[in-house]
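Structure file model-v5.txt; described as compact mmCIF, C-alpha atoms.
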# COMPACT_ATOMS: atom_id res chain seq x y z
CA MET T 1 9.63 -24.33 14.31
CA ARG T 2 9.42 -23.85 10.55
CA ILE T 3 12.82 -24.17 8.87
CA GLY T 4 13.59 -23.39 5.27
CA MET T 5 16.63 -25.28 4.05
CA ILE T 6 18.60 -24.11 1.02
CA GLY T 7 20.93 -26.75 -0.37
CA THR T 8 20.78 -30.37 -1.44
CA GLY T 9 24.19 -31.76 -0.49
CA ARG T 10 25.23 -34.07 2.34
CA MET T 11 25.16 -31.43 5.08
CA ALA T 12 21.69 -30.30 4.03
CA THR T 13 20.47 -33.88 3.94
CA THR T 14 21.80 -34.89 7.35
CA LEU T 15 20.85 -31.66 9.12
CA GLY T 16 17.44 -31.68 7.48
CA GLY T 17 16.87 -35.20 8.77
CA ALA T 18 17.97 -34.16 12.26
CA PHE T 19 15.58 -31.19 12.23
CA VAL T 20 12.68 -33.39 11.17
CA ARG T 21 13.46 -35.98 13.86
CA ALA T 22 13.45 -33.16 16.40
CA GLY T 23 9.87 -32.35 15.40
CA HIS T 24 10.39 -29.32 13.18
CA SER T 25 8.69 -28.59 9.86
CA VAL T 26 11.33 -28.38 7.13
CA ALA T 27 11.02 -27.26 3.52
CA VAL T 28 13.90 -27.90 1.10
CA GLY T 29 14.76 -25.67 -1.84
CA GLY T 30 17.66 -25.14 -4.20
CA ARG T 31 18.75 -24.54 -7.77
CA ASP T 32 17.55 -28.01 -8.80
CA ALA T 33 13.92 -28.67 -7.86
CA ALA T 34 14.31 -32.41 -8.51
CA ALA T 35 17.29 -32.61 -6.14
CA ALA T 36 15.32 -30.68 -3.51
CA ALA T 37 12.44 -33.13 -3.89
CA SER T 38 14.86 -36.06 -3.48
CA VAL T 39 16.32 -34.61 -0.26
CA ALA T 40 12.83 -33.94 1.04
CA ALA T 41 11.78 -37.53 0.36
CA ARG T 42 14.85 -38.94 2.13
CA THR T 43 14.52 -36.74 5.21
CA GLY T 44 10.78 -36.49 5.73
CA ALA T 45 10.78 -32.80 4.83
CA ARG T 46 8.62 -31.12 2.22
CA ALA T 47 9.89 -29.93 -1.15
CA ALA T 48 9.72 -26.14 -1.44
CA GLY T 49 11.20 -26.07 -4.92
CA SER T 50 13.27 -22.91 -5.30
CA ALA T 51 15.65 -21.33 -2.81
CA ALA T 52 13.36 -18.30 -2.54
CA GLU T 53 10.39 -20.49 -1.65
CA ALA T 54 12.43 -22.27 1.04
CA ALA T 55 13.54 -18.90 2.45
CA ARG T 56 9.96 -17.64 2.64
CA TYR T 57 8.86 -20.83 4.42
CA GLY T 58 10.94 -20.68 7.57
CA GLU T 59 11.34 -18.52 10.63
CA ALA T 60 14.84 -20.00 10.40
CA VAL T 61 16.66 -20.57 7.11
CA LEU T 62 19.64 -22.92 6.80
CA LEU T 63 22.20 -21.99 4.16
CA ALA T 64 23.85 -25.32 3.35
CA VAL T 65 25.65 -24.29 0.17
CA PRO T 66 29.34 -23.88 -0.73
CA ALA T 67 30.92 -21.16 1.40
CA HIS T 68 32.00 -19.05 -1.56
CA ALA T 69 28.43 -18.97 -2.90
CA ALA T 70 26.61 -18.22 0.37
CA PRO T 71 27.03 -14.41 0.54
CA GLU T 72 25.98 -13.87 -3.08
CA LEU T 73 22.96 -16.14 -2.59
CA ALA T 74 22.05 -14.27 0.61
CA GLY T 75 22.16 -11.01 -1.33
CA GLN T 76 19.87 -12.38 -4.02
CA LEU T 77 17.44 -13.59 -1.35
CA ALA T 78 17.73 -10.53 0.92
CA PRO T 79 14.03 -9.59 0.68
CA GLU T 80 12.98 -13.14 1.56
CA LEU T 81 15.51 -13.41 4.41
CA ALA T 82 14.54 -10.13 6.08
CA GLY T 83 13.33 -10.74 9.63
CA ARG T 84 14.40 -14.39 9.58
CA THR T 85 17.28 -16.13 11.35
CA VAL T 86 19.83 -17.39 8.81
CA LEU T 87 21.79 -20.44 9.97
CA ASP T 88 25.21 -20.42 8.30
CA CYS T 89 26.85 -23.86 8.46
CA THR T 90 29.44 -23.19 5.76
CA VAL T 91 33.18 -23.77 6.13
CA PRO T 92 35.40 -21.44 4.01
CA MET T 93 38.12 -23.90 3.10
CA ALA T 94 40.40 -24.90 0.24
CA PRO T 95 43.30 -27.36 -0.05
CA GLY T 96 46.67 -25.91 0.93
CA PRO T 97 50.26 -27.20 0.96
CA ALA T 98 50.04 -28.05 4.66
CA GLY T 99 46.40 -29.12 4.65
CA PRO T 100 43.04 -27.33 4.50
CA ALA T 101 43.31 -23.54 4.65
CA LEU T 102 40.84 -20.72 5.27
CA THR T 103 39.65 -18.89 2.18
CA THR T 104 38.56 -15.78 4.09
CA SER T 105 41.03 -12.95 4.56
CA GLY T 106 41.45 -13.25 8.33
CA GLY T 107 40.86 -10.67 11.01
CA ALA T 108 37.17 -9.79 11.21
CA ASP T 109 36.32 -11.43 7.89
CA SER T 110 34.01 -14.44 7.89
CA VAL T 111 31.36 -15.96 5.67
CA ALA T 112 28.82 -15.18 8.38
CA ALA T 113 29.79 -11.49 8.33
CA ARG T 114 29.59 -11.43 4.53
CA ILE T 115 26.09 -12.97 4.68
CA ALA T 116 25.01 -10.38 7.24
CA ALA T 117 26.31 -7.58 5.01
CA ALA T 118 24.59 -9.02 1.93
CA ALA T 119 21.24 -9.47 3.71
CA PRO T 120 21.18 -6.72 6.35
CA GLY T 121 17.57 -7.42 7.30
CA ALA T 122 18.37 -10.98 8.36
CA ARG T 123 19.53 -12.25 11.74
CA VAL T 124 22.63 -14.37 11.10
CA ALA T 125 24.05 -17.17 13.23
CA LYS T 126 27.15 -19.29 12.59
CA VAL T 127 26.32 -22.83 13.69
CA PHE T 128 26.59 -26.55 12.84
CA GLY T 129 29.68 -26.27 10.61
CA ILE T 130 32.23 -27.58 13.07
CA CYS T 131 30.91 -31.16 13.12
CA HIS T 132 31.19 -33.72 10.33
CA GLU T 133 27.86 -34.26 8.62
CA SER T 134 27.72 -37.86 9.86
CA ILE T 135 27.19 -36.56 13.42
CA TRP T 136 23.73 -35.35 12.42
CA THR T 137 22.64 -38.85 11.43
CA LEU T 138 22.74 -39.84 15.13
CA LYS T 139 19.39 -39.75 16.88
CA ALA T 140 20.86 -38.09 19.97
CA PRO T 141 24.60 -37.34 19.70
CA VAL T 142 26.17 -38.31 23.02
CA PHE T 143 29.88 -38.74 23.72
CA GLU T 144 31.11 -40.37 26.95
CA GLY T 145 27.71 -39.75 28.48
CA ALA T 146 27.56 -36.04 27.59
CA PRO T 147 25.29 -34.56 24.91
CA LEU T 148 27.08 -33.03 21.95
CA ALA T 149 27.99 -29.39 22.60
CA VAL T 150 27.18 -27.21 19.58
CA PRO T 151 29.12 -23.92 19.46
CA PHE T 152 27.54 -20.95 17.74
CA CYS T 153 27.91 -17.20 17.23
CA ALA T 154 24.84 -15.04 16.70
CA GLY T 155 24.27 -11.52 15.49
CA ASP T 156 21.65 -10.66 18.10
CA GLU T 157 19.80 -12.08 21.10
CA SER T 158 16.82 -13.20 19.02
CA ALA T 159 19.00 -15.32 16.75
CA ALA T 160 20.90 -16.71 19.74
CA ALA T 161 17.67 -17.72 21.45
CA LEU T 162 16.35 -19.44 18.32
CA VAL T 163 19.61 -21.37 17.82
CA ALA T 164 19.67 -22.43 21.47
CA ARG T 165 16.09 -23.68 21.21
CA LEU T 166 16.82 -25.57 17.99
CA VAL T 167 20.03 -27.18 19.29
CA THR T 168 18.31 -28.22 22.53
CA SER T 169 15.44 -29.80 20.61
CA MET T 170 18.00 -31.98 18.79
CA GLY T 171 19.22 -33.45 22.09
CA CYS T 172 22.38 -31.35 22.11
CA THR T 173 23.78 -28.62 24.37
CA PRO T 174 23.94 -25.04 23.02
CA LEU T 175 27.40 -23.47 23.46
CA PRO T 176 27.17 -19.72 22.83
CA CYS T 177 30.51 -18.28 21.71
CA GLY T 178 29.67 -14.60 21.34
CA ASP T 179 28.45 -12.37 18.55
CA LEU T 180 29.36 -12.50 14.86
CA SER T 181 32.70 -10.82 15.54
CA ARG T 182 33.72 -14.26 16.89
CA ALA T 183 32.58 -16.13 13.79
CA PRO T 184 36.05 -16.00 12.14
CA LEU T 185 37.43 -18.00 15.08
CA LEU T 186 34.66 -20.58 14.80
CA GLU T 187 35.27 -20.95 11.06
CA ALA T 188 39.01 -21.32 11.67
CA ALA T 189 38.32 -23.98 14.31
CA ALA T 190 36.26 -25.94 11.78
CA VAL T 191 39.08 -25.81 9.22
CA PHE T 192 41.59 -26.86 11.88
CA ALA T 193 39.43 -29.82 12.93
CA ILE T 194 38.98 -30.95 9.33
CA GLY T 195 42.75 -30.78 8.83
CA VAL T 196 43.27 -33.02 11.85
CA TRP T 197 40.75 -35.55 10.53
CA TRP T 198 42.32 -35.51 7.06
CA SER T 199 45.74 -36.15 8.58
CA GLY T 200 44.39 -39.38 10.05
CA ALA T 201 44.38 -38.22 13.67
CA ALA T 202 41.42 -37.88 16.01
CA LEU T 203 40.41 -35.04 18.30
CA PRO T 204 39.28 -35.69 21.89
CA GLN T 205 35.53 -36.13 22.23
CA ARG T 206 35.31 -35.76 26.01
CA GLU T 207 33.01 -32.75 25.72
CA GLY T 208 31.31 -33.92 22.54
CA LEU T 209 32.44 -30.73 20.80
CA LEU T 210 34.25 -32.10 17.76
Encoded form (structure tokens):
Amino acid sequence: MRIGMIGTGRMATTLGGAFVRAGHSVAVGGRDAAAAASVAARTGARAAGSAAEAARYGEAVLLAVPAHAAPELAGQLAPELAGRTVLDCTVPMAPGPAGPALTTSGGADSVAARIAAAAPGARVAKVFGICHESIWTLKAPVFEGAPLAVPFCAGDESAAALVARLVTSMGCTPLPCGDLSRAPLLEAAAVFAIGVWWSGAALPQREGLL
């Protein structure tokens, strides 16, 4: 599939490389065209230049930007994102006295829901944020003989089907977790997992989930 990727950080770089290895056509865009070109050169993707150009390129569009910036960016790109599946890999997190804490307000609030509200013509899916970016440097993530399970929440069946196809192409197992009303739980799980890692502990990898 054609994937537009917005962002030039570590998550964008590792996921972009994983998409390319899986045989997809990826175009990278962002605020800094030179940084986008650098990510494209390192991953085998093409440089789209701006975020709008990357959004127009893909049937799927990965938002790999800071969580607080994603909804505003989605609103700015709403015309370009209409009819496309937006892959939200952000983690709304900030340091807290007891470790990483959610920056959303709880309840039904999530970055994914904010993106969907900002770009109502897009199909939004929450996916890829629960794993450390280093996981996506592996050619085929397998743990104790089982392919990595990738949990996701999707706003509609079309987005869910696209995410399942993409995850499968990467040698992983799609793990549907419901619609976007479940995205707050997935974001909280990501923050919880990061807190465990930062504390120096390790989570079980029997199912390849974390």
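Excluding Ala118 (chain T) itself and same-chain residues fewer than 4 positions from it, the residues having an atom within 7 Å of it are T:Pro71, T:Ala74, T:Gly75, T:Arg114, counting all atoms listed in the file.
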Q) If you measure from CA of Pro184 (chain T) to CA of Ala113 (chain T), what distance in Å do you get, rounded to one decimal? A) 8.6 Å
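Each of T:Gly200, T:Pro92, T:Gly29, T:Gly145 was checked against Leu186 (chain T) using all atoms listed in the file; the smallest atom-to-atom distance is that of T:Pro92.
Going from CA of Gly106 (chain T) over to CA of Ala119 (chain T), you cover 21.1 Å.
Distances from T:Val124, T:Ala117, T:Val142, T:Ala27 to Ala52 (chain T) were compared using only C-alpha atoms, and the smallest one belongs to T:Ala27.
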Q) Do you know which residues are at most 12 Å from Ile135 (chain T) counting only C-alpha atoms, after dropping those on the same chain fewer than 2 positions away, and could you put them as a list in words? A) Arg10, Met11, Thr13, Thr14, Leu15, Gly17, Ala18, Phe128, Gly129, Ile130, Cys131, His132, Glu133, Thr137, Leu138, Lys139, Ala140, Pro141, Val142, Phe143, Pro147, Leu148, Ala149, Val150, Met170, Cys172, Gly208, Leu209 and Leu210 of chain T
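Of the residues listed (T:Val111, T:Ile6, T:Ala67, T:Ala22), T:Ile6 shows the shortest atom-to-atom separation from Ser50 (chain T); distances use only C-alpha atoms.
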Q.
I want to know what sits within 12 Å of Ala40 (chain T), based on only C-alpha atoms, with residues of the same chain fewer than 4 positions away left out; could you give that as a VMD selection string?
A. chain T and resid 4 to 9 12 to 17 19 to 20 25 to 30 33 to 36 44 to 49 54
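Counting all atoms listed in the file, the residue from T:Thr85, T:Val91, T:Leu102, T:Ile115 that sits nearest to Leu73 (chain T) is T:Ile115.
Separating CA of Ile3 (chain T) from CA of Tyr57 (chain T) is a distance of 6.8 Å.
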Q) Given the choices T:Gly107, T:Gly23, T:Pro66, T:Gly58, which gets closest to Val86 (chain T) if the distance is worked out from all atoms listed in the file? A) T:Gly58
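Taking only C-alpha atoms into account, Met93 (chain T) lies nearest to T:Val191 out of the set T:Val191, T:Arg31, T:Val196, T:Val61.
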Select from region 63-150 of chain T every residue with an atom at most 12 Å from any atom of region 159-162 of chain T, then for each give the shortest pair of atoms and their distance in Å to one decimal, using all atoms listed in the file, rows by chain and rising number, as CSV.
residue,atom,partner,partner_atom,distance
T:Gly83,CA,T:Ala159,CA,10.2
T:Arg84,CA,T:Ala159,CA,8.6
T:Thr85,CA,T:Ala159,CA,5.7
T:Val86,CA,T:Ala159,CA,8.2
T:Leu87,CA,T:Ala159,CA,8.9
T:Asp88,CA,T:Ala159,CA,11.7
T:Ala122,CA,T:Ala159,CA,9.5
T:Arg123,CA,T:Ala159,CA,5.9
T:Val124,CA,T:Ala159,CA,6.8
T:Ala125,CA,T:Ala159,CA,6.4
T:Lys126,CA,T:Ala160,CA,9.8
T:Val127,CA,T:Ala160,CA,10.2
Please return region 86-101 of chain T, rebuilt to N, CA and C atoms, as a PDB file, keeping the file's coordinate frame.
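Saved the output as out-v5.pdb:
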ATOM      1  N   VAL T  86      19.083 -16.610   9.807  1.00  0.00           N
ATOM      2  CA  VAL T  86      19.830 -17.390   8.810  1.00  0.00           C
ATOM      3  C   VAL T  86      20.887 -18.207   9.538  1.00  0.00           C
ATOM      4  N   LEU T  87      20.836 -19.514   9.358  1.00  0.00           N
ATOM      5  CA  LEU T  87      21.790 -20.440   9.970  1.00  0.00           C
ATOM      6  C   LEU T  87      22.878 -20.736   8.947  1.00  0.00           C
ATOM      7  N   ASP T  88      24.069 -20.252   9.213  1.00  0.00           N
ATOM      8  CA  ASP T  88      25.210 -20.420   8.300  1.00  0.00           C
ATOM      9  C   ASP T  88      26.073 -21.579   8.792  1.00  0.00           C
ATOM     10  N   CYS T  89      26.043 -22.690   8.071  1.00  0.00           N
ATOM     11  CA  CYS T  89      26.850 -23.860   8.460  1.00  0.00           C
ATOM     12  C   CYS T  89      28.049 -24.042   7.545  1.00  0.00           C
ATOM     13  N   THR T  90      28.382 -23.043   6.740  1.00  0.00           N
ATOM     14  CA  THR T  90      29.440 -23.190   5.760  1.00  0.00           C
ATOM     15  C   THR T  90      30.828 -23.184   6.407  1.00  0.00           C
ATOM     16  N   VAL T  91      31.782 -23.777   5.705  1.00  0.00           N
ATOM     17  CA  VAL T  91      33.180 -23.770   6.130  1.00  0.00           C
ATOM     18  C   VAL T  91      34.021 -23.230   4.967  1.00  0.00           C
ATOM     19  N   PRO T  92      34.609 -22.035   5.094  1.00  0.00           N
ATOM     20  CA  PRO T  92      35.400 -21.440   4.010  1.00  0.00           C
ATOM     21  C   PRO T  92      36.787 -22.078   3.940  1.00  0.00           C
ATOM     22  N   MET T  93      36.931 -23.046   3.074  1.00  0.00           N
ATOM     23  CA  MET T  93      38.120 -23.900   3.100  1.00  0.00           C
ATOM     24  C   MET T  93      38.534 -24.282   1.696  1.00  0.00           C
ATOM     25  N   ALA T  94      39.842 -24.400   1.491  1.00  0.00           N
ATOM     26  CA  ALA T  94      40.400 -24.900   0.240  1.00  0.00           C
ATOM     27  C   ALA T  94      41.666 -25.679   0.554  1.00  0.00           C
ATOM     28  N   PRO T  95      42.055 -26.633  -0.301  1.00  0.00           N
ATOM     29  CA  PRO T  95      43.300 -27.360  -0.050  1.00  0.00           C
ATOM     30  C   PRO T  95      44.501 -26.430  -0.052  1.00  0.00           C
ATOM     31  N   GLY T  96      45.436 -26.682   0.857  1.00  0.00           N
ATOM     32  CA  GLY T  96      46.670 -25.910   0.930  1.00  0.00           C
ATOM     33  C   GLY T  96      47.858 -26.849   1.030  1.00  0.00           C
ATOM     34  N   PRO T  97      49.070 -26.341   0.922  1.00  0.00           N
ATOM     35  CA  PRO T  97      50.260 -27.200   0.960  1.00  0.00           C
ATOM     36  C   PRO T  97      50.428 -27.945   2.268  1.00  0.00           C
ATOM     37  N   ALA T  98      49.916 -27.401   3.354  1.00  0.00           N
ATOM     38  CA  ALA T  98      50.040 -28.050   4.660  1.00  0.00           C
ATOM     39  C   ALA T  98      48.712 -28.620   5.154  1.00  0.00           C
ATOM     40  N   GLY T  99      47.715 -28.637   4.266  1.00  0.00           N
ATOM     41  CA  GLY T  99      46.400 -29.120   4.650  1.00  0.00           C
ATOM     42  C   GLY T  99      45.341 -28.077   4.354  1.00  0.00           C
ATOM     43  N   PRO T 100      44.110 -28.293   4.771  1.00  0.00           N
ATOM     44  CA  PRO T 100      43.040 -27.330   4.500  1.00  0.00           C
ATOM     45  C   PRO T 100      43.374 -25.949   5.039  1.00  0.00           C
ATOM     46  N   ALA T 101      43.017 -24.923   4.260  1.00  0.00           N
ATOM     47  CA  ALA T 101      43.310 -23.540   4.650  1.00  0.00           C
ATOM     48  C   ALA T 101      42.057 -22.692   4.513  1.00  0.00           C
TER      49      ALA T 101
END
